[in-house]
>>> print(open('final_2.cif').read())   # mmCIF, C-alpha atoms
data_final
loop_
_atom_site.label_atom_id
_atom_site.label_comp_id
_atom_site.auth_asym_id
_atom_site.auth_seq_id
_atom_site.Cartn_x
_atom_site.Cartn_y
_atom_site.Cartn_z
CA MET A 80 177.63 78.27 42.42
CA LYS A 81 176.23 81.15 40.37
CA GLN A 82 173.20 82.87 41.87
CA PHE A 83 170.41 84.83 40.18
CA PHE A 84 168.54 87.46 42.20
CA ILE A 85 165.28 88.77 40.73
CA LEU A 86 163.96 92.00 42.23
CA GLY A 87 161.00 94.23 41.47
CA ALA A 88 157.30 94.93 41.68
CA SER A 89 154.08 93.29 40.44
CA SER A 90 155.21 92.85 36.84
CA VAL A 91 158.10 90.73 38.15
CA TYR A 92 155.86 88.88 40.60
CA GLY A 93 153.52 88.01 37.74
CA VAL A 94 150.21 89.78 38.33
CA GLY A 95 148.07 89.03 35.26
CA ALA A 96 149.84 85.76 34.42
CA GLU A 97 147.77 82.59 34.20
CA SER A 98 150.77 80.54 35.27
CA TYR A 99 154.20 82.21 35.21
CA GLY A 100 155.46 85.78 35.38
CA TRP A 101 158.77 86.50 33.68
CA GLY A 102 160.64 86.03 36.97
CA ASP A 103 159.12 82.56 37.28
CA LEU A 104 160.00 81.84 33.64
CA VAL A 105 163.63 82.72 34.31
CA LYS A 106 163.68 80.34 37.27
CA SER A 107 161.95 77.58 35.29
CA TYR A 108 164.41 77.97 32.41
CA ILE A 109 167.46 77.78 34.68
CA HIS A 110 166.04 74.83 36.59
CA SER A 111 165.45 72.99 33.32
CA LYS A 112 169.13 73.48 32.50
CA MET A 113 170.07 71.92 35.82
CA TYR A 114 167.57 69.18 36.48
CA SER A 115 166.30 67.91 33.13
CA ILE A 116 167.69 64.74 31.56
CA ASN A 117 171.39 65.32 30.88
CA GLY A 118 171.20 68.56 32.87
CA VAL A 119 174.28 70.13 34.42
CA GLY A 120 173.18 69.48 38.02
CA GLU A 121 172.91 71.87 40.95
CA LYS A 122 175.12 74.71 39.76
CA TYR A 123 172.75 77.68 40.12
CA GLU A 124 170.31 79.22 42.57
CA VAL A 125 167.43 81.49 41.58
CA PHE A 126 165.60 83.75 44.04
CA ASN A 127 162.54 85.86 43.18
CA PHE A 128 162.14 88.68 45.70
CA SER A 129 159.45 90.65 43.85
CA LYS A 130 156.55 92.31 45.68
CA SER A 131 153.48 94.01 44.25
CA GLY A 132 153.46 97.74 44.89
CA SER A 133 157.22 97.99 45.29
CA THR A 134 158.95 101.28 44.65
CA ILE A 135 162.62 102.08 44.12
CA GLU A 136 162.81 103.10 47.76
CA PHE A 137 161.35 99.80 49.01
CA VAL A 138 163.82 97.74 46.97
CA ALA A 139 166.72 99.91 48.11
CA GLU A 140 165.69 99.47 51.75
CA THR A 141 165.55 95.67 51.52
CA VAL A 142 168.32 94.80 49.07
CA ASP A 143 171.23 94.80 51.53
CA TRP A 144 169.35 92.45 53.87
CA ILE A 145 168.46 90.14 50.97
CA PHE A 146 172.03 89.82 49.79
CA ASP A 147 173.35 89.49 53.32
CA LYS A 148 171.03 86.56 54.04
CA TYR A 149 171.02 84.77 50.66
CA ALA A 150 174.29 85.49 48.85
CA ARG A 151 176.95 82.81 49.08
CA GLY A 152 179.85 85.00 48.08
CA ASN A 153 180.04 83.66 44.54
CA GLU A 154 179.05 85.12 41.17
CA ILE A 155 175.70 86.93 41.32
CA VAL A 156 173.53 88.13 38.44
CA THR A 157 170.68 90.51 39.35
CA PHE A 158 167.57 91.05 37.24
CA ILE A 159 165.46 94.03 38.30
CA SER A 160 162.34 95.82 37.10
CA VAL A 161 160.96 98.62 39.24
CA GLY A 162 159.89 102.22 38.78
CA GLY A 163 156.34 101.97 37.52
CA ASN A 164 154.96 102.65 41.00
CA ASP A 165 157.29 105.62 41.36
CA ALA A 166 155.93 107.14 38.13
CA LYS A 167 152.28 107.05 39.21
CA SER A 168 150.24 109.58 41.17
CA GLU A 169 147.95 108.76 44.08
CA ASN A 170 144.42 110.00 44.85
CA ALA A 171 144.77 112.90 42.38
CA PRO A 172 146.23 113.04 38.85
CA ASP A 173 148.96 115.50 39.89
CA ASN A 174 149.86 114.02 43.30
CA PHE A 175 152.96 112.22 42.06
CA VAL A 176 154.72 109.63 44.20
CA CYS A 177 158.11 110.81 43.00
CA THR A 178 159.52 113.71 41.00
CA PRO A 179 161.83 112.89 38.06
CA GLU A 180 164.75 114.46 39.93
CA ASN A 181 164.10 112.46 43.07
CA PHE A 182 163.61 109.31 41.02
CA GLN A 183 166.96 109.83 39.34
CA GLU A 184 168.66 110.11 42.72
CA LYS A 185 166.95 106.97 44.02
CA VAL A 186 167.77 104.88 40.94
CA THR A 187 171.41 105.96 41.16
CA VAL A 188 171.64 104.95 44.82
CA LEU A 189 169.94 101.61 44.17
CA ILE A 190 172.19 100.70 41.24
CA GLU A 191 175.31 101.62 43.17
CA SER A 192 174.12 99.37 46.00
CA LEU A 193 173.41 96.50 43.60
CA GLN A 194 176.85 96.91 42.04
CA GLN A 195 178.42 96.18 45.40
CA HIS A 196 176.77 92.74 45.37
CA SER A 197 176.43 91.75 41.71
CA LYS A 198 178.81 90.82 38.93
CA GLN A 199 176.12 91.64 36.37
CA ILE A 200 172.89 93.66 36.57
CA VAL A 201 170.07 93.61 34.02
CA PHE A 202 167.39 96.32 34.35
CA ILE A 203 164.11 95.55 32.53
CA SER A 204 161.87 98.46 31.49
CA ASN A 205 158.19 98.92 32.28
CA GLY A 206 155.65 98.36 29.51
CA PHE A 207 152.77 100.50 28.29
CA VAL A 208 149.41 100.77 30.05
CA ASP A 209 145.82 101.20 28.88
CA GLU A 210 145.15 104.63 30.34
CA SER A 211 141.38 104.22 29.97
CA LYS A 212 141.58 101.53 32.68
CA VAL A 213 144.34 102.83 34.96
CA SER A 214 143.72 106.57 35.18
CA PRO A 215 142.36 106.08 37.77
CA LYS A 216 142.82 102.53 39.10
CA GLN A 217 141.55 101.37 42.48
CA SER A 218 144.19 99.78 44.72
CA PRO A 219 143.69 96.00 45.16
CA PHE A 220 145.20 96.05 48.66
CA GLY A 221 142.15 97.30 50.56
CA ASP A 222 143.76 100.63 51.46
CA ASN A 223 141.25 102.83 49.55
CA LYS A 224 144.01 104.40 47.45
CA VAL A 225 143.40 105.36 43.85
CA SER A 226 146.35 105.48 41.46
CA TYR A 227 146.86 107.20 38.12
CA PHE A 228 149.24 105.65 35.58
CA THR A 229 150.16 107.35 32.30
CA ASN A 230 152.36 106.22 29.44
CA GLU A 231 154.01 109.61 29.18
CA ARG A 232 155.31 109.52 32.74
CA ARG A 233 156.26 105.83 32.61
CA SER A 234 158.25 106.51 29.44
CA LEU A 235 159.98 109.43 31.13
CA PHE A 236 161.00 107.29 34.09
CA ASN A 237 162.13 104.48 31.76
CA ASP A 238 164.31 107.00 29.92
CA ILE A 239 165.83 108.23 33.19
CA THR A 240 166.62 104.66 34.21
CA LYS A 241 168.12 103.84 30.82
CA LYS A 242 170.46 106.85 30.91
CA ILE A 243 171.67 105.98 34.41
CA CYS A 244 172.22 102.34 33.40
CA GLU A 245 174.21 103.41 30.35
CA SER A 246 176.37 105.74 32.43
CA LYS A 247 177.19 102.94 34.88
CA GLY A 248 177.64 100.09 32.41
CA ILE A 249 174.40 98.34 33.35
CA ASP A 250 172.41 96.33 30.81
CA PHE A 251 169.01 97.92 30.13
CA VAL A 252 166.40 95.81 28.35
CA ALA A 253 163.41 97.43 26.68
CA VAL A 254 160.59 95.37 25.20
CA ASN A 255 160.49 96.94 21.75
CA ILE A 256 156.80 96.67 20.89
CA ASP A 257 154.74 99.70 19.91
CA LYS A 258 152.11 100.95 22.34
CA ASP A 259 148.99 99.93 20.39
CA THR A 260 150.26 96.40 19.79
CA TRP A 261 151.30 96.00 23.42
CA ILE A 262 147.90 97.12 24.71
CA LYS A 263 145.99 94.96 22.21
CA SER A 264 147.98 91.73 22.44
CA TYR A 265 150.27 91.67 25.47
CA LEU A 266 148.35 93.44 28.23
CA TYR A 267 146.15 91.83 30.89
CA SER A 268 142.56 93.00 31.18
CA ASP A 269 143.37 95.26 34.17
CA GLY A 270 145.15 97.60 31.75
CA LEU A 271 148.36 97.64 33.79
CA HIS A 272 150.15 94.29 33.84
CA PRO A 273 151.25 91.97 31.03
CA ASN A 274 149.11 88.95 30.23
CA GLN A 275 150.68 85.51 29.93
CA ILE A 276 151.76 86.18 26.33
CA GLY A 277 153.26 89.47 27.47
CA TYR A 278 155.30 87.77 30.18
CA TRP A 279 156.61 85.28 27.64
CA LYS A 280 157.60 88.21 25.46
CA VAL A 281 159.47 89.90 28.28
CA PHE A 282 161.19 86.62 29.13
#
>>> encode(input="final_2.cif", output="structure tokens")
Amino acid sequence: MKQFFILGASSVYGVGAESYGWGDLVKSYIHSKMYSINGVGEKYEVFNFSKSGSTIEFVAETVDWIFDKYARGNEIVTFISVGGNDAKSENAPDNFVCTPENFQEKVTVLIESLQQHSKQIVFISNGFVDESKVSPKQSPFGDNKVSYFTNERRSLFNDITKKICESKGIDFVAVNIDKDTWIKSYLYSDGLHPNQIGYWKVF
């Protein structure tokens, strides 16, 4: 039985989606292949372990437990999208959660850990944001934190991730839509997450 593990933060979970985030769309697609009329039957499992607010460090801390408890020892494909919360700053525009150098180290460690469990890994990039709405943005979790997201820093962290993926033979998927089009057509009203059309585009 092939297994699909989906890991990441709020854009994987589906914040901003009216019905399905892209992680849910992956699961729905695979289930349709199994269980629709003339489907192939129960040959796959799909797990979505995304959590809003996740950072590289959070995923790295939980990934071994996840695979230990859910993997069946067969072929595993991992989809992951994380890093946007590492690129932000908190409570002040220059109080960054993570430096580029530290981020590079953390991504490297995480990918090496995932490679121990997965036959294939697909890393999905973070999209653009509407800075007029997210610099600053109040935390929705009731913790009184204020975050600052910028496209420049998100692009930098995407580039770091892409280079590491290329060096380790990992598939890196970028949604190739220009910034203005993404913000106008594919972004939810909070200025940070994709809308339903955006999630379809990522999927």
>>> residues_near_point(input="final_2.cif", point="(159.1, 81.8, 31.5)", cutoff="9 Å", atoms="only C-alpha atoms", output="PDB file with C-alpha atoms, keeping the file's coordinate frame")
ATOM      1  CA  TYR A  99     154.200  82.210  35.210  1.00  0.00           C
ATOM      2  CA  GLY A 100     155.460  85.780  35.380  1.00  0.00           C
ATOM      3  CA  TRP A 101     158.770  86.500  33.680  1.00  0.00           C
ATOM      4  CA  GLY A 102     160.640  86.030  36.970  1.00  0.00           C
ATOM      5  CA  ASP A 103     159.120  82.560  37.280  1.00  0.00           C
ATOM      6  CA  LEU A 104     160.000  81.840  33.640  1.00  0.00           C
ATOM      7  CA  VAL A 105     163.630  82.720  34.310  1.00  0.00           C
ATOM      8  CA  LYS A 106     163.680  80.340  37.270  1.00  0.00           C
ATOM      9  CA  SER A 107     161.950  77.580  35.290  1.00  0.00           C
ATOM     10  CA  TYR A 108     164.410  77.970  32.410  1.00  0.00           C
ATOM     11  CA  TYR A 278     155.300  87.770  30.180  1.00  0.00           C
ATOM     12  CA  TRP A 279     156.610  85.280  27.640  1.00  0.00           C
ATOM     13  CA  LYS A 280     157.600  88.210  25.460  1.00  0.00           C
ATOM     14  CA  VAL A 281     159.470  89.900  28.280  1.00  0.00           C
ATOM     15  CA  PHE A 282     161.190  86.620  29.130  1.00  0.00           C
TER      16      PHE A 282
END
>>> residues_near_point(input="final_2.cif", point="(163.9, 102.4, 27.8)", cutoff="10 Å", atoms="only C-alpha atoms", output="list in words")
Phe202, Ile203, Ser204, Asn205, Gly206, Arg233, Ser234, Leu235, Phe236, Asn237, Asp238, Ile239, Thr240, Lys241, Lys242, Phe251, Val252, Ala253, Val254 and Asn255 of chain A
>>> closest_residue(input="final_2.cif", among="A:Glu169, A:Glu154, A:Glu121, A:Asp209", to="Asn223 in chain A", atoms="only C-alpha atoms")
A:Glu169
>>> resolve_selection(input="final_2.cif", expression="the PyMOL selection byres ((chain A and resi 264-269) around 10)", output="VMD selection string")
chain A and resid 94 to 97 206 to 209 212 to 213 216 256 258 to 263 270 to 281
>>> atom_distance(input="final_2.cif", atom1="CA of Ser115 in chain A", atom2="CA of Ile200 in chain A")
26.8 Å
>>> atom_distance(input="final_2.cif", atom1="CA of Ile243 in chain A", atom2="CA of Phe228 in chain A")
22.5 Å
>>> resolve_selection(input="final_2.cif", expression="the PyMOL selection byres ((chain A and resi 81) around 8)", output="CSV table (one decimal) with C-alpha atoms, in the coordinates of the input")
chain,number,residue,atom,x,y,z
A,80,MET,CA,177.6,78.3,42.4
A,82,GLN,CA,173.2,82.9,41.9
A,83,PHE,CA,170.4,84.8,40.2
A,122,LYS,CA,175.1,74.7,39.8
A,123,TYR,CA,172.8,77.7,40.1
A,124,GLU,CA,170.3,79.2,42.6
A,153,ASN,CA,180.0,83.7,44.5
A,154,GLU,CA,179.0,85.1,41.2
A,155,ILE,CA,175.7,86.9,41.3
A,156,VAL,CA,173.5,88.1,38.4
>>> closest_residue(input="final_2.cif", among="A:Phe220, A:Tyr114, A:Ser90, A:Lys247", to="Val188 in chain A", atoms="only C-alpha atoms")
A:Lys247
>>> atom_distance(input="final_2.cif", atom1="CA of Ser218 in chain A", atom2="CA of Glu180 in chain A")
25.7 Å
